[in-house]
Amino acid sequence: MRSWILVPTDKSEALGSIAGSGADAIVLDLARSGAPTRKARARIEAANWLRSHREQVLATRRFQRWARIGGMDTADWRADLDAAMEGSPHGIVLSRCRGADDIRQLASVLYEIEDRSGLAANITRIMPELGSTPASALAIGRLADELHPRVSALTWDAVGLAHSFGARRLRGPAGRWSDGFAHVRAQILLVAHARGIGAIEHPFRDARDDEVCTRIAEAARADGFTGMFAIHPSQLPGINAAFAPLESEMSEALKIVSAFSTNPGATMLTVGDRRVDRSDLERARRLLGED
């Protein structure tokens with residue numbers, strides 16, 4: 001899952017063409033602010049799109065269908081979730097996530113909806129969007145010990161964090177993240193890899209500069225992220241290229257998966273000239289698209 005694109009649900013022209021964008025995951029953004037009547041219409045559009053593309057996902061190019069909902073500290077999260085779940089999405093991006101308690105609450109409600117709708121239990125995944133405030137940023141590390149099994153990836157909210165403490169910039173000289181943002185970003189990487197799940201980079205917000213977006217995607221991949229958000233289809237080719245596995249990486253992943261298939265009960269094996277464990281196996285499977 002290299003490329004994730006956020007799509008505004010209040011813009012019918014964006015919804016109409018996004019299925020052929022080339023994204024690995026399409027995320028309908030229900031968390032956007034707006035007038036109540038406009039948000040109500042956006043929820044209807046999102047539910048209709050998710051339903052109508054459920055079979056097409058299986059019949060043509062495979063992409064996952066996700067929805068981003070308001071944070072648990074907002075009045076809109078439940079209405080957003082109910083609308084999204086009408087279309088049985090693959091997963092929910094929880095904006096403004098404050099930590100493990102928010103994830104557990106969302107997971108509990110998802111279980112009730114799945115049971116009521118006849119869906120398989122725990123089939124709906126969760127991606128928490130972390131670090132929107134200083135308090136939530138400081139809580140990220142605790143997720144390494146108490147992460148809910150529904151969580152399949154982590155992402156972060158640089159813009160929300162900047163607004164929360166009045167930062168005037170996200171990046172410093174040479175494009176490096178400023179200290180507070182670099183700290184949050186590093187925690188996302190460390191916790192995700194500690195738990196063997198995806199780490200998805202924050203989107204580049206200037207849709208007019210695809211070249212810079214590609215460079216940022218390349219840097220994110222070099223740093224260990226497994227994918228990145230886009231806000232416009234023109235950003236997707238650069239993101240897909242940046243996160244495409246190298247031939248050497250594919251070869252090593254195949255060897256790791258093969259070794260554990262031959263020794264299914266092993267916790268650690270020697271593959272080539274290094275020792276690998278179950279976390280290496282999970283990374284290899286993600287690289288091969290088996291996650």
# chains A, B, ... in the order shown; residues from 1 in each chain; ligands from 1

$ select_by_dssp --residues "range 218-265 of chain A" --states "helix (DSSP H, G or I)" --output "ChimeraX atom specification"
/A:218-223,233-243,247-262

$ closest_atom_pairs --of "range 212-288 of chain A" --to "range 165-183 of chain A" --cutoff "12 Å" --atoms "only C-alpha atoms" --output "JSON lines"
{"residue": "A:Val212", "atom": "CA", "partner": "A:Gly175", "partner_atom": "CA", "distance": 10.2}
{"residue": "A:Cys213", "atom": "CA", "partner": "A:Gly175", "partner_atom": "CA", "distance": 11.8}
{"residue": "A:Arg215", "atom": "CA", "partner": "A:Gly175", "partner_atom": "CA", "distance": 10.4}
{"residue": "A:Ile216", "atom": "CA", "partner": "A:Gly175", "partner_atom": "CA", "distance": 9.0}
{"residue": "A:Ala219", "atom": "CA", "partner": "A:Arg176", "partner_atom": "CA", "distance": 10.3}
{"residue": "A:Ala220", "atom": "CA", "partner": "A:Arg176", "partner_atom": "CA", "distance": 11.5}
{"residue": "A:Asp223", "atom": "CA", "partner": "A:Ala182", "partner_atom": "CA", "distance": 11.7}

$ closest_residue --among "A:Ser117, A:Ser164, A:Ser52, A:Gln187" --to "Leu143 in chain A" --atoms "only C-alpha atoms"
A:Gln187

$ closest_atom_pairs --of "range 100-154 of chain A" --to "range 65-87 of chain A" --cutoff "10 Å" --atoms "only C-alpha atoms" --output "CSV"
residue,atom,partner,partner_atom,distance
A:Asp101,CA,A:Met72,CA,9.8
A:Asp102,CA,A:Met72,CA,6.4
A:Ile103,CA,A:Met72,CA,9.1
A:Gln105,CA,A:Met72,CA,8.6
A:Leu106,CA,A:Met72,CA,8.1
A:Val109,CA,A:Arg78,CA,9.1
A:Leu110,CA,A:Met85,CA,8.5
A:Ile113,CA,A:Met85,CA,7.6
A:Glu114,CA,A:Met85,CA,8.5
A:Ser117,CA,A:Glu86,CA,8.7
A:Thr124,CA,A:Met85,CA,9.0
A:Arg125,CA,A:Trp66,CA,9.0
A:Ile126,CA,A:Trp66,CA,9.3
A:Met127,CA,A:Arg68,CA,9.0
A:Pro128,CA,A:Arg68,CA,9.6
A:Glu129,CA,A:Gly71,CA,9.1

$ write_last_selection --atoms "all heavy atoms" --output "CSV table (one decimal), in the first residue's frame"
chain,number,residue,atom,x,y,z
A,101,ASP,N,-7.1,5.1,23.9
A,101,ASP,CA,-8.5,5.1,24.4
A,101,ASP,C,-9.4,5.4,23.2
A,101,ASP,O,-10.4,4.8,23.0
A,101,ASP,CB,-8.7,6.1,25.5
A,101,ASP,CG,-8.1,5.6,26.8
A,101,ASP,OD1,-7.8,4.4,26.9
A,101,ASP,OD2,-7.9,6.5,27.7
A,102,ASP,N,-9.0,6.4,22.3
A,102,ASP,CA,-9.8,6.7,21.2
A,102,ASP,C,-9.9,5.5,20.2
A,102,ASP,O,-10.9,5.2,19.7
A,102,ASP,CB,-9.2,7.9,20.4
A,102,ASP,CG,-9.5,9.2,21.0
A,102,ASP,OD1,-10.2,9.3,22.0
A,102,ASP,OD2,-9.0,10.3,20.5
A,103,ILE,N,-8.7,4.8,20.0
A,103,ILE,CA,-8.7,3.7,19.1
A,103,ILE,C,-9.6,2.6,19.7
A,103,ILE,O,-10.4,1.9,18.9
A,103,ILE,CB,-7.3,3.2,19.0
A,103,ILE,CG1,-6.4,4.2,18.3
A,103,ILE,CG2,-7.3,1.9,18.2
A,103,ILE,CD1,-4.9,3.9,18.3
A,105,GLN,N,-12.2,2.9,21.6
A,105,GLN,CA,-13.6,3.3,21.5
A,105,GLN,C,-14.1,3.1,20.1
A,105,GLN,O,-15.2,2.6,19.9
A,105,GLN,CB,-13.8,4.7,21.9
A,105,GLN,CG,-15.3,5.2,21.9
A,105,GLN,CD,-15.4,6.7,22.3
A,105,GLN,OE1,-14.5,7.3,22.7
A,105,GLN,NE2,-16.7,7.2,22.2
A,106,LEU,N,-13.3,3.5,19.1
A,106,LEU,CA,-13.7,3.3,17.7
A,106,LEU,C,-13.8,1.8,17.4
A,106,LEU,O,-14.8,1.4,16.7
A,106,LEU,CB,-12.7,4.0,16.8
A,106,LEU,CG,-12.9,3.8,15.3
A,106,LEU,CD1,-14.2,4.3,14.8
A,106,LEU,CD2,-11.7,4.4,14.5
A,109,VAL,N,-17.1,0.4,18.6
A,109,VAL,CA,-18.3,0.8,17.8
A,109,VAL,C,-18.3,0.0,16.5
A,109,VAL,O,-19.3,-0.4,16.0
A,109,VAL,CB,-18.3,2.3,17.6
A,109,VAL,CG1,-19.4,2.7,16.7
A,109,VAL,CG2,-18.4,3.0,18.9
A,110,LEU,N,-17.1,-0.1,15.9
A,110,LEU,CA,-17.0,-0.9,14.7
A,110,LEU,C,-17.4,-2.3,14.8
A,110,LEU,O,-18.1,-2.9,14.0
A,110,LEU,CB,-15.5,-0.9,14.2
A,110,LEU,CG,-15.0,0.4,13.5
A,110,LEU,CD1,-13.5,0.3,13.3
A,110,LEU,CD2,-15.7,0.7,12.2
A,113,ILE,N,-21.2,-2.3,14.7
A,113,ILE,CA,-21.7,-2.1,13.4
A,113,ILE,C,-21.5,-3.3,12.5
A,113,ILE,O,-22.4,-3.7,11.7
A,113,ILE,CB,-21.0,-0.8,12.7
A,113,ILE,CG1,-21.4,0.4,13.5
A,113,ILE,CG2,-21.4,-0.7,11.3
A,113,ILE,CD1,-20.7,1.7,13.0
A,114,GLU,N,-20.3,-3.9,12.6
A,114,GLU,CA,-20.0,-5.1,11.8
A,114,GLU,C,-21.0,-6.2,12.1
A,114,GLU,O,-21.6,-6.9,11.3
A,114,GLU,CB,-18.6,-5.6,12.1
A,114,GLU,CG,-17.6,-4.7,11.4
A,114,GLU,CD,-16.2,-5.0,12.0
A,114,GLU,OE1,-16.0,-5.7,13.0
A,114,GLU,OE2,-15.2,-4.5,11.4
A,117,SER,N,-24.4,-5.4,10.7
A,117,SER,CA,-24.5,-5.4,9.3
A,117,SER,C,-24.1,-6.7,8.6
A,117,SER,O,-24.1,-6.9,7.4
A,117,SER,CB,-23.5,-4.3,8.7
A,117,SER,OG,-23.8,-3.1,9.3
A,124,THR,N,-12.9,-4.5,9.5
A,124,THR,CA,-12.6,-3.1,9.2
A,124,THR,C,-11.3,-2.6,10.0
A,124,THR,O,-11.3,-2.7,11.2
A,124,THR,CB,-13.8,-2.2,9.6
A,124,THR,OG1,-15.0,-2.7,9.2
A,124,THR,CG2,-13.6,-0.8,9.1
A,125,ARG,N,-10.3,-2.2,9.2
A,125,ARG,CA,-9.1,-1.8,9.8
A,125,ARG,C,-9.1,-0.3,10.3
A,125,ARG,O,-10.0,0.4,9.9
A,125,ARG,CB,-7.9,-1.9,8.8
A,125,ARG,CG,-7.9,-3.2,8.1
A,125,ARG,CD,-7.9,-4.4,9.0
A,125,ARG,NE,-6.7,-4.5,9.8
A,125,ARG,CZ,-6.5,-5.3,10.8
A,125,ARG,NH1,-7.5,-6.1,11.2
A,125,ARG,NH2,-5.3,-5.3,11.5
A,126,ILE,N,-8.1,0.1,11.1
A,126,ILE,CA,-8.0,1.4,11.6
A,126,ILE,C,-6.6,2.0,11.3
A,126,ILE,O,-5.6,1.3,11.6
A,126,ILE,CB,-8.3,1.5,13.1
A,126,ILE,CG1,-9.8,1.1,13.4
A,126,ILE,CG2,-8.0,2.9,13.7
A,126,ILE,CD1,-10.0,0.9,14.9
A,127,MET,N,-6.6,3.2,10.9
A,127,MET,CA,-5.3,4.0,10.8
A,127,MET,C,-5.5,5.2,11.6
A,127,MET,O,-6.2,6.2,11.2
A,127,MET,CB,-4.9,4.3,9.4
A,127,MET,CG,-3.6,5.0,9.3
A,127,MET,SD,-3.2,5.9,7.7
A,127,MET,CE,-3.3,4.5,6.6
A,128,PRO,N,-4.9,5.3,12.8
A,128,PRO,CA,-5.0,6.5,13.6
A,128,PRO,C,-4.1,7.6,13.0
A,128,PRO,O,-2.9,7.4,12.6
A,128,PRO,CB,-4.5,6.1,15.0
A,128,PRO,CG,-3.7,4.9,14.8
A,128,PRO,CD,-4.2,4.2,13.5
A,129,GLU,N,-4.6,8.8,12.9
A,129,GLU,CA,-3.8,10.0,12.5
A,129,GLU,C,-3.4,10.7,13.8
A,129,GLU,O,-4.2,11.3,14.5
A,129,GLU,CB,-4.7,10.9,11.7
A,129,GLU,CG,-4.0,12.1,11.1
A,129,GLU,CD,-5.0,13.0,10.3
A,129,GLU,OE1,-5.6,13.8,10.9
A,129,GLU,OE2,-5.1,12.7,9.1

$ residues_around --residues "range 245-248 of chain A" --least-positions-apart "4" --cutoff "12 Å" --atoms "only C-alpha atoms" --output "PyMOL selection string"
chain A and resi 1-2+218+221-222+226-227+239-241+252-255+283-284+286-289

$ write_last_selection --atoms "C-alpha atoms" --output "compact mmCIF listing (two decimals), in the first residue's frame"
# COMPACT_ATOMS: atom_id res chain seq x y z
CA MET A 1 0.00 0.00 0.00
CA ARG A 2 2.29 2.73 -1.30
CA GLU A 218 11.74 9.63 -1.96
CA ARG A 221 10.88 6.00 1.64
CA ALA A 222 14.58 6.37 2.41
CA THR A 226 6.01 2.38 3.73
CA GLY A 227 3.68 4.81 1.92
CA ILE A 239 4.72 8.57 -4.81
CA ASN A 240 4.22 5.20 -6.50
CA ALA A 241 7.67 5.40 -8.09
CA GLU A 252 15.35 -10.73 -0.40
CA ALA A 253 11.65 -10.60 0.56
CA LEU A 254 10.94 -13.73 -1.47
CA LYS A 255 13.81 -15.53 0.26
CA ARG A 283 7.88 -6.47 6.26
CA ALA A 284 8.65 -8.94 3.47
CA ARG A 286 4.00 -6.18 2.94
CA LEU A 287 6.61 -5.59 0.27
CA LEU A 288 5.22 -8.49 -1.77
CA GLY A 289 1.65 -7.28 -1.32

$ atom_distance --atom1 "CA of Gly131 in chain A" --atom2 "CA of Val191 in chain A"
13.0 Å

$ closest_residue --among "A:Leu236, A:Ala31, A:Ala207, A:Leu130" --to "Cys97 in chain A" --atoms "only C-alpha atoms"
A:Leu130

$ residues_around --residues "Asp145 in chain A" --least-positions-apart "3" --cutoff "10 Å" --atoms "only C-alpha atoms" --output "number ranges by chain"
A: 100, 141-142, 148, 191, 194-195

$ closest_residue --among "A:Asn48, A:Thr270, A:Ser279, A:Ser234" --to "Leu15 in chain A" --atoms "only C-alpha atoms"
A:Asn48

$ closest_residue --among "A:Asn122, A:Gln64, A:Ser136, A:Ser108" --to "Arg96 in chain A" --atoms "only C-alpha atoms"
A:Ser136

$ select_by_dssp --residues "range 64-279 of chain A" --states "strand (DSSP E or B)" --output "NGL selection string"
:A and (64-69 or 91-94 or 125-130 or 151 or 153-156 or 171 or 177 or 198-201 or 227-230 or 268-271 or 274-277)

$ atom_distance --atom1 "CA of Val271 in chain A" --atom2 "CA of Val257 in chain A"
10.0 Å

$ atom_distance --atom1 "CA of Leu6 in chain A" --atom2 "CA of Asp280 in chain A"
29.5 Å
